[in-house]
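Data from coords37.tsv: TSV, C-alpha atoms
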```tsv
chain	number	residue	atom	x	y	z
A	1	MET	CA	0.00	0.00	0.00
A	2	SER	CA	1.31	3.46	-0.87
A	3	ARG	CA	2.28	5.86	1.90
A	4	LYS	CA	-0.10	8.58	3.00
A	5	ARG	CA	0.39	11.97	1.36
A	6	ILE	CA	-0.15	15.10	3.44
A	7	VAL	CA	-2.70	17.63	2.17
A	8	GLY	CA	-3.49	20.93	3.87
A	9	CYS	CA	-7.16	21.83	3.54
A	10	ASP	CA	-8.64	25.26	4.23
A	11	ASN	CA	-12.32	24.24	4.22
A	12	GLY	CA	-14.05	27.60	4.46
A	13	HIS	CA	-17.70	28.59	4.23
A	14	PHE	CA	-17.19	30.29	0.87
A	15	GLY	CA	-14.27	28.39	-0.66
A	16	ILE	CA	-12.17	25.22	-0.34
A	17	LYS	CA	-8.39	25.38	-0.83
A	18	VAL	CA	-6.08	22.36	-0.81
A	19	TYR	CA	-2.27	22.33	-0.83
A	20	ALA	CA	0.04	19.31	-1.08
A	21	GLY	CA	3.47	20.79	-1.73
A	22	LEU	CA	5.20	22.79	-4.45
A	23	GLU	CA	2.98	23.14	-7.53
A	24	HIS	CA	0.24	21.00	-5.92
A	25	LYS	CA	-2.72	23.21	-5.06
A	26	HIS	CA	-6.34	23.79	-6.07
A	27	SER	CA	-9.39	25.76	-4.99
A	28	ILE	CA	-13.14	25.84	-5.65
A	29	THR	CA	-16.01	28.00	-4.48
A	30	SER	CA	-18.34	26.42	-1.91
A	31	ARG	CA	-21.30	25.69	-4.16
A	32	CYS	CA	-23.17	22.50	-3.33
A	33	ARG	CA	-26.78	21.41	-3.30
A	34	ILE	CA	-28.59	18.32	-2.07
A	35	GLY	CA	-29.65	15.98	-4.87
A	36	GLY	CA	-28.37	14.90	-8.26
A	37	SER	CA	-27.60	17.09	-11.27
A	38	SER	CA	-30.42	19.07	-12.86
A	39	GLN	CA	-28.53	20.22	-15.96
A	40	THR	CA	-27.20	18.85	-19.22
A	41	GLU	CA	-23.48	19.63	-19.45
A	42	PHE	CA	-22.31	21.01	-22.82
A	43	GLY	CA	-18.79	21.78	-21.65
A	44	SER	CA	-17.00	23.56	-18.86
A	45	SER	CA	-16.66	27.33	-18.95
A	46	GLY	CA	-14.02	27.71	-16.28
A	47	GLN	CA	-12.64	26.57	-12.95
A	48	ASP	CA	-15.16	24.50	-10.91
A	49	SER	CA	-17.96	25.53	-13.30
A	50	ALA	CA	-19.05	21.98	-14.22
A	51	GLU	CA	-21.29	19.99	-11.93
A	52	MET	CA	-19.97	16.91	-10.13
A	53	ILE	CA	-22.19	14.40	-8.33
A	54	PHE	CA	-21.20	12.69	-5.10
A	55	SER	CA	-22.76	10.13	-2.80
A	56	THR	CA	-22.30	9.97	0.96
A	57	GLU	CA	-24.44	8.25	3.60
A	58	ASN	CA	-26.90	7.16	0.85
A	59	GLU	CA	-27.56	10.77	-0.23
A	60	LEU	CA	-26.62	12.49	-3.48
A	61	TYR	CA	-25.00	15.94	-3.59
A	62	THR	CA	-24.03	18.13	-6.55
A	63	THR	CA	-21.12	20.58	-6.44
A	64	GLY	CA	-20.58	23.44	-8.87
A	65	SER	CA	-24.35	23.82	-9.23
A	66	LEU	CA	-26.00	27.05	-10.36
A	67	GLN	CA	-28.14	27.18	-7.22
A	68	SER	CA	-26.52	26.01	-3.99
A	69	GLU	CA	-27.38	25.41	-0.36
A	70	VAL	CA	-26.47	28.06	2.20
A	71	THR	CA	-23.04	27.41	3.72
A	72	THR	CA	-23.07	30.08	6.42
A	73	PHE	CA	-24.76	27.97	9.12
A	74	ALA	CA	-22.91	27.29	12.40
A	75	ASP	CA	-22.60	23.50	11.96
A	76	TYR	CA	-21.15	23.75	8.45
A	77	PRO	CA	-17.80	22.16	9.51
A	78	LEU	CA	-19.78	19.12	10.74
A	79	SER	CA	-22.07	18.83	7.73
A	80	PRO	CA	-22.23	16.47	4.74
A	81	ILE	CA	-22.10	19.58	2.51
A	82	ASN	CA	-18.65	20.51	3.86
A	83	ARG	CA	-17.50	16.91	3.53
A	84	VAL	CA	-18.65	16.73	-0.08
A	85	LEU	CA	-17.09	20.09	-1.00
A	86	VAL	CA	-13.72	19.03	0.40
A	87	ASN	CA	-13.87	15.82	-1.64
A	88	SER	CA	-14.97	17.73	-4.74
A	89	CYS	CA	-11.98	20.08	-4.48
A	90	LEU	CA	-9.63	17.13	-4.06
A	91	HIS	CA	-11.14	15.31	-7.04
A	92	GLN	CA	-10.71	18.38	-9.24
A	93	ALA	CA	-7.07	18.89	-8.21
A	94	ASP	CA	-4.67	17.55	-10.84
A	95	PHE	CA	-2.32	16.04	-8.26
A	96	THR	CA	-4.89	13.54	-6.91
A	97	GLN	CA	-4.92	11.85	-10.33
A	98	SER	CA	-1.44	10.54	-9.50
A	99	SER	CA	-1.10	7.10	-7.90
A	100	GLU	CA	1.02	8.76	-5.19
A	101	PHE	CA	-2.10	10.44	-3.81
A	102	ARG	CA	-4.32	7.40	-3.26
A	103	ASN	CA	-4.10	7.60	0.55
A	104	LEU	CA	-4.41	11.06	2.07
A	105	ASP	CA	-3.52	12.52	5.48
A	106	LEU	CA	-5.63	15.68	5.66
A	107	VAL	CA	-4.77	18.68	7.84
A	108	LEU	CA	-7.77	20.92	8.57
A	109	GLY	CA	-8.02	24.35	10.16
A	110	LEU	CA	-10.39	26.31	12.34
A	111	PRO	CA	-10.51	30.05	13.04
A	112	TYR	CA	-8.89	31.11	16.30
A	113	ALA	CA	-12.25	31.80	18.00
A	114	GLN	CA	-13.58	28.35	17.12
A	115	TYR	CA	-10.43	26.33	17.78
A	116	TYR	CA	-9.99	27.43	21.39
A	117	SER	CA	-12.55	26.98	24.18
A	118	LYS	CA	-12.50	27.47	27.94
A	119	LYS	CA	-15.01	24.63	28.37
A	120	HIS	CA	-12.30	21.99	27.98
A	121	LYS	CA	-9.23	21.45	30.15
A	122	SER	CA	-7.04	21.28	27.04
A	123	GLY	CA	-8.15	24.78	26.08
A	124	ARG	CA	-9.22	23.43	22.68
A	125	ASN	CA	-12.78	23.09	21.43
A	126	GLU	CA	-12.55	19.29	21.50
A	127	ASP	CA	-16.19	18.71	20.48
A	128	LEU	CA	-15.93	20.79	17.32
A	129	ILE	CA	-12.43	19.57	16.43
A	130	SER	CA	-13.22	15.86	16.78
A	131	GLY	CA	-16.62	16.35	15.14
A	132	MET	CA	-15.07	18.02	12.08
A	133	GLU	CA	-12.37	15.37	11.78
A	134	ASN	CA	-14.87	12.49	12.11
A	135	ASN	CA	-17.12	14.16	9.54
A	136	ILE	CA	-14.33	14.39	6.95
A	137	LEU	CA	-13.46	10.70	7.43
A	138	ILE	CA	-16.94	9.53	6.38
A	139	PRO	CA	-16.60	8.04	2.87
A	140	VAL	CA	-17.64	10.10	-0.15
A	141	THR	CA	-17.92	8.57	-3.63
A	142	ASN	CA	-17.58	10.54	-6.86
A	143	VAL	CA	-20.35	9.02	-8.99
A	144	SER	CA	-19.44	11.33	-11.91
A	145	SER	CA	-16.14	9.57	-12.58
A	146	ASP	CA	-14.91	6.05	-13.28
A	147	LEU	CA	-11.36	6.97	-12.31
A	148	ARG	CA	-9.72	5.26	-9.36
A	149	GLN	CA	-10.54	7.24	-6.25
A	150	PHE	CA	-8.44	8.37	-3.28
A	151	LYS	CA	-9.17	7.72	0.39
A	152	ILE	CA	-8.86	10.16	3.28
A	153	GLU	CA	-7.28	7.87	5.87
A	154	SER	CA	-6.58	10.33	8.68
A	155	CYS	CA	-6.85	13.98	9.61
A	156	MET	CA	-5.92	16.51	12.26
A	157	THR	CA	-6.81	20.15	12.97
A	158	VAL	CA	-4.72	23.25	13.67
A	159	PRO	CA	-5.72	26.88	14.37
A	160	GLU	CA	-5.64	28.87	11.15
A	161	GLY	CA	-3.63	31.71	12.69
A	162	MET	CA	-0.79	29.33	13.51
A	163	ALA	CA	-1.05	27.79	10.05
A	164	ALA	CA	-0.48	31.22	8.50
A	165	TRP	CA	2.54	31.67	10.79
A	166	PHE	CA	4.04	28.30	9.75
A	167	SER	CA	3.69	29.33	6.12
A	168	TYR	CA	5.35	32.65	6.96
A	169	ILE	CA	8.46	31.15	8.60
A	170	VAL	CA	8.88	27.91	6.59
A	171	LYS	CA	9.41	27.58	2.85
A	172	GLU	CA	10.08	24.56	0.68
A	173	GLU	CA	12.76	24.71	-1.99
A	174	TYR	CA	14.29	22.30	-4.49
A	175	SER	CA	17.87	21.42	-3.63
A	176	ASN	CA	19.82	18.79	-5.57
A	177	GLY	CA	16.57	17.39	-6.95
A	178	LYS	CA	14.93	17.10	-3.53
A	179	VAL	CA	12.42	19.25	-1.67
A	180	LYS	CA	13.86	20.68	1.53
A	181	PRO	CA	12.47	23.07	4.16
A	182	VAL	CA	14.04	26.46	4.82
A	183	PHE	CA	13.27	27.97	8.25
A	184	ASP	CA	13.49	31.75	8.65
A	185	GLU	CA	14.68	32.12	12.25
A	186	LEU	CA	14.42	35.91	12.18
A	187	LYS	CA	10.75	35.85	11.20
A	188	GLY	CA	10.16	33.18	13.84
A	189	GLN	CA	11.35	35.56	16.55
A	190	GLN	CA	9.24	38.50	15.43
A	191	THR	CA	5.91	39.71	16.75
A	192	THR	CA	3.69	39.24	13.72
A	193	VAL	CA	0.03	40.03	13.16
A	194	PHE	CA	-1.88	38.01	10.59
A	195	ILE	CA	-5.05	39.59	9.19
A	196	ASP	CA	-7.06	36.85	7.50
A	197	ILE	CA	-9.98	38.29	5.54
A	198	GLY	CA	-12.27	35.45	4.63
A	199	GLY	CA	-15.79	35.03	3.35
A	200	GLY	CA	-17.76	35.38	6.56
A	201	THR	CA	-15.24	36.72	9.06
A	202	THR	CA	-11.96	38.55	9.44
A	203	GLU	CA	-9.56	37.03	11.93
A	204	VAL	CA	-6.70	38.97	13.49
A	205	VAL	CA	-4.07	36.75	15.13
A	206	THR	CA	-0.96	38.02	16.88
A	207	VAL	CA	1.96	35.58	17.20
A	208	ALA	CA	4.88	36.37	19.53
A	209	ASP	CA	7.39	34.03	21.16
A	210	LYS	CA	6.03	31.31	18.84
A	211	MET	CA	2.62	31.44	20.53
A	212	ILE	CA	-0.74	33.02	19.75
A	213	GLN	CA	-1.26	36.05	21.97
A	214	LYS	CA	-4.93	35.67	22.89
A	215	ASP	CA	-5.32	39.18	24.32
A	216	TYR	CA	-4.37	40.62	20.93
A	217	SER	CA	-6.23	38.20	18.70
A	218	GLY	CA	-9.88	38.24	17.74
A	219	THR	CA	-12.55	37.81	15.11
A	220	ILE	CA	-15.08	40.17	13.56
A	221	SER	CA	-18.10	39.05	11.51
A	222	GLN	CA	-17.02	41.00	8.46
A	223	GLY	CA	-15.77	39.41	5.24
A	224	SER	CA	-16.34	39.27	1.50
A	225	HIS	CA	-19.87	37.98	2.12
A	226	ARG	CA	-20.78	41.51	3.28
A	227	ILE	CA	-19.80	42.87	-0.13
A	228	THR	CA	-21.79	40.24	-2.01
A	229	GLU	CA	-24.89	40.80	0.14
A	230	ASP	CA	-24.64	44.60	-0.19
A	231	LEU	CA	-24.29	44.15	-3.94
A	232	ARG	CA	-27.23	41.76	-4.08
A	233	ARG	CA	-29.48	44.27	-2.27
A	234	TYR	CA	-28.29	47.06	-4.56
A	235	ILE	CA	-29.16	45.03	-7.68
A	236	TYR	CA	-32.60	44.22	-6.28
A	237	GLU	CA	-33.20	47.92	-5.66
A	238	GLN	CA	-32.09	48.89	-9.18
A	239	THR	CA	-34.00	46.15	-11.05
A	240	ASP	CA	-37.23	44.18	-10.87
A	241	VAL	CA	-35.59	40.87	-9.81
A	242	ASN	CA	-35.61	39.35	-6.32
A	243	SER	CA	-33.35	36.35	-6.82
A	244	ILE	CA	-29.81	35.98	-8.21
A	245	SER	CA	-27.60	32.88	-8.09
A	246	GLU	CA	-24.30	32.91	-6.20
A	247	ARG	CA	-22.47	32.20	-9.44
A	248	LYS	CA	-23.92	35.29	-11.17
A	249	ILE	CA	-23.22	37.49	-8.16
A	250	HIS	CA	-19.56	36.42	-8.17
A	251	GLN	CA	-19.35	36.96	-11.92
A	252	SER	CA	-20.74	40.46	-11.40
A	253	LEU	CA	-18.10	41.20	-8.77
A	254	ALA	CA	-15.38	40.17	-11.21
A	255	THR	CA	-16.73	42.08	-14.23
A	256	LYS	CA	-18.29	44.99	-12.27
A	257	ARG	CA	-21.43	44.72	-14.37
A	258	ILE	CA	-24.53	42.56	-14.60
A	259	VAL	CA	-26.87	41.80	-17.48
A	260	ILE	CA	-30.50	41.18	-16.55
A	261	ASN	CA	-33.12	40.60	-19.25
A	262	GLY	CA	-30.79	42.12	-21.84
A	263	GLN	CA	-30.12	45.27	-19.83
A	264	THR	CA	-26.60	46.03	-18.52
A	265	LEU	CA	-26.17	47.60	-15.09
A	266	ASP	CA	-22.78	49.19	-14.31
A	267	LEU	CA	-21.73	48.17	-10.77
A	268	THR	CA	-18.30	49.82	-10.62
A	269	GLN	CA	-19.08	52.60	-8.16
A	270	ALA	CA	-21.40	50.47	-6.02
A	271	ILE	CA	-18.79	47.74	-5.58
A	272	LYS	CA	-16.11	50.33	-4.74
A	273	SER	CA	-18.36	51.79	-2.05
A	274	PHE	CA	-19.12	48.38	-0.52
A	275	GLN	CA	-15.42	47.44	-0.53
A	276	ASN	CA	-14.44	50.69	1.19
A	277	LYS	CA	-17.11	50.14	3.85
A	278	LEU	CA	-15.73	46.66	4.62
A	279	VAL	CA	-12.12	47.87	4.73
A	280	HIS	CA	-13.06	50.69	7.13
A	281	LYS	CA	-14.77	48.26	9.53
A	282	ILE	CA	-11.82	45.84	9.49
A	283	ASN	CA	-9.32	48.66	9.97
A	284	SER	CA	-11.25	50.07	12.95
A	285	PHE	CA	-11.46	46.63	14.56
A	286	THR	CA	-7.76	45.92	14.02
A	287	ASP	CA	-6.63	49.30	15.37
A	288	SER	CA	-8.73	48.88	18.51
A	289	LEU	CA	-7.50	45.31	19.12
A	290	LEU	CA	-3.80	46.17	18.68
A	291	ARG	CA	-3.79	49.63	20.27
A	292	ASP	CA	-1.69	48.59	23.31
A	293	ILE	CA	1.04	46.76	21.35
A	294	LYS	CA	1.55	48.97	18.30
A	295	GLY	CA	5.18	49.60	19.21
A	296	ASP	CA	5.94	45.88	19.54
A	297	ILE	CA	4.62	44.75	16.16
A	298	ASP	CA	7.32	43.83	13.64
A	299	ALA	CA	5.04	42.92	10.72
A	300	LYS	CA	1.38	42.82	9.71
A	301	ILE	CA	0.60	40.22	7.06
A	302	LEU	CA	-2.57	40.06	4.97
A	303	VAL	CA	-3.84	36.59	4.06
A	304	GLY	CA	-7.04	35.20	2.57
A	305	GLY	CA	-8.52	35.47	-0.91
A	306	THR	CA	-10.40	38.67	-0.07
A	307	SER	CA	-7.05	40.35	0.63
A	308	ILE	CA	-6.26	39.97	-3.06
A	309	ASP	CA	-9.58	41.49	-4.11
A	310	LEU	CA	-9.12	44.45	-1.73
A	311	GLN	CA	-5.38	44.84	-2.23
A	312	GLU	CA	-5.58	48.41	-3.54
A	313	GLU	CA	-7.51	49.62	-0.48
A	314	LEU	CA	-5.67	47.48	2.10
A	315	MET	CA	-2.17	48.47	1.01
A	316	GLN	CA	-2.95	52.03	2.09
A	317	TRP	CA	-2.76	50.85	5.71
A	318	GLN	CA	0.50	51.64	7.42
A	319	GLY	CA	2.92	48.73	7.77
A	320	VAL	CA	0.91	45.98	6.08
A	321	THR	CA	2.27	43.45	3.58
A	322	LEU	CA	0.38	41.06	1.34
A	323	SER	CA	1.57	37.49	1.91
A	324	GLU	CA	3.29	35.61	-0.90
A	325	ASP	CA	0.30	33.37	-1.62
A	326	PRO	CA	-2.74	34.86	0.17
A	327	LEU	CA	-5.37	32.42	-1.10
A	328	TYR	CA	-3.41	29.31	-0.11
A	329	GLU	CA	-1.45	30.58	2.89
A	330	ASN	CA	-3.54	28.74	5.51
A	331	ALA	CA	-3.71	25.47	3.57
A	332	LYS	CA	0.04	25.69	2.91
A	333	GLY	CA	0.75	26.27	6.60
A	334	MET	CA	-1.36	23.27	7.57
A	335	TYR	CA	0.62	21.10	5.18
A	336	LEU	CA	3.98	22.46	6.39
A	337	PHE	CA	3.06	22.02	10.06
A	338	LYS	CA	2.22	18.34	9.66
A	339	LYS	CA	5.23	17.62	7.47
A	340	TYR	CA	7.93	19.39	9.53
A	341	LEU	CA	6.67	20.50	12.93
A	342	ALA	CA	4.03	18.02	14.16
```
Produce structure tokens that represent the structure in this file.
Amino acid sequence: MSRKRIVGCDNGHFGIKVYAGLEHKHSITSRCRIGGSSQTEFGSSGQDSAEMIFSTENELYTTGSLQSEVTTFADYPLSPINRVLVNSCLHQADFTQSSEFRNLDLVLGLPYAQYYSKKHKSGRNEDLISGMENNILIPVTNVSSDLRQFKIESCMTVPEGMAAWFSYIVKEEYSNGKVKPVFDELKGQQTTVFIDIGGGTTEVVTVADKMIQKDYSGTISQGSHRITEDLRRYIYEQTDVNSISERKIHQSLATKRIVINGQTLDLTQAIKSFQNKLVHKINSFTDSLLRDIKGDIDAKILVGGTSIDLQEELMQWQGVTLSEDPLYENAKGMYLFKKYLA
């Protein structure tokens, strides 16, 4: 039997990102609905645009669907929808087609506020952590493909803030034909703040002395979802529609326009306004949280896919730097932690 291959998995409410080493990464949006496919596929029009059908616990699920189930509910990390989306992302990743990736060791992450809990002696939210891990281990079958399928044999969970830190201080490089880790000792000794702007929340995590500083870490319920919902309401107000699919909303964000019944609505100024509103809220929260340690901070690092979308506005903040790979930074850190530090 082949050895288990480590895969870091950032299984968020709005997107799934997997990372398995240099050049091995993939992401999809979190679109999934209960039931089989309801469309005839004439060809894919882009990343994760085609439907895939999965079976788990005698129920069918379809990912990449035009209409999808809500993924913002509290028990999402424990749900079949999350389990199916993780498997869908892995199936779509090129690297899992290799025989080397038949048996997987998955590393998951949870936001700082969800990972830790005072209810348990360990200080970790054991119920949520074990529940998420057990959920991912339940078998999922890709009924859309006849290809040989992988198996998730084991998994563990780390706090996402620490995962971002591992990715910040550890890099992999090719040396004499082999992949080797390079540890940046200077970065490891710094006081670093990671600002992770996700879909539903923004998490600010301060790491000093190789530990998360809980007094200077926190979460605010502000993320890219606020922009999409503000945009959705704006479109409803400007048109006669009262329902738009997630896929069309995200297309509108990318193109800054929407076509409804043959009429084009320019969204440029509206989107800019909604983005500025989100950035202002995150900036106010971050400044308040870090007020007492401003002089001790060596670096502030932006991670998360939304950081890319808001790069122009965010880079106006004093002392912030966009990470090398914002979308995959957490998944990469999860992978690196298990491979070199666990």
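Take CA of Thr72 (chain A) and CA of Val259 (chain A): the distance between them is 26.9 Å.
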Query - Pairwise distance for CA of Gly304 (chain A) and CA of Tyr328 (chain A), rounded to one decimal in Å - result: 7.4 Å
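For Gly188 (chain A), the non-local neighbours within 9 Å, defined as residues at least 2 positions apart in the same chain or in other chains and counting only C-alpha atoms, are Trp165, Phe166, Tyr168, Ile169, Phe183, Asp184, Glu185, Leu186, Gln190, Thr191, Thr192, Ala208, Asp209 and Lys210 of chain A.
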Requested in this report: Would you list the contacts of region 250-252 of chain A as a list in words, taking every protein, DNA or RNA residue within 8 Å and counting all atoms listed in the file, but skipping same-chain residues closer than 5 positions in sequence?
Outcome: Thr228, Arg257, Ile258 and Leu267 of chain A
Please identify all polymer residues within 7 Å of Cys32 (chain A), counting only C-alpha atoms, omitting same-chain residues fewer than 4 positions from it, and present them as a compact mmCIF listing (two decimals) with C-alpha atoms, in the coordinates of the input.
```
# COMPACT_ATOMS: atom_id res chain seq x y z
CA TYR A 61 -25.00 15.94 -3.59
CA THR A 62 -24.03 18.13 -6.55
CA THR A 63 -21.12 20.58 -6.44
CA GLY A 64 -20.58 23.44 -8.87
CA SER A 65 -24.35 23.82 -9.23
CA SER A 68 -26.52 26.01 -3.99
CA GLU A 69 -27.38 25.41 -0.36
CA ILE A 81 -22.10 19.58 2.51
CA LEU A 85 -17.09 20.09 -1.00
```
**Report entry** Exercise: Ser145 (chain A) partners within 12 Å, all atoms listed in the file, chain neighbours under 5 positions left out, as a ChimeraX atom specification
**Finding:** /A:51-55,88,91-92,97
Please produce a file of the residues just selected, as a short mmCIF file (atom, residue, chain, number, x, y, z; two decimals), in the frame of the given file, where the atoms kept are C-alpha atoms.
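Final output, again-v9.cif:
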```cif
data_model
loop_
_atom_site.label_atom_id
_atom_site.label_comp_id
_atom_site.auth_asym_id
_atom_site.auth_seq_id
_atom_site.Cartn_x
_atom_site.Cartn_y
_atom_site.Cartn_z
CA GLU A 51 -21.29 19.99 -11.93
CA MET A 52 -19.97 16.91 -10.13
CA ILE A 53 -22.19 14.40 -8.33
CA PHE A 54 -21.20 12.69 -5.10
CA SER A 55 -22.76 10.13 -2.80
CA SER A 88 -14.97 17.73 -4.74
CA HIS A 91 -11.14 15.31 -7.04
CA GLN A 92 -10.71 18.38 -9.24
CA GLN A 97 -4.92 11.85 -10.33
#
```
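Note that CA of Val320 (chain A) and CA of Ile297 (chain A) are 10.8 Å apart.
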Query raised in the report: Skipping near chain neighbours, those fewer than 4 positions away, what residues fall within 9 Å of Pro181 (chain A) using all atoms listed in the file, listed as a ChimeraX atom specification?
Result: /A:170-174,336,340
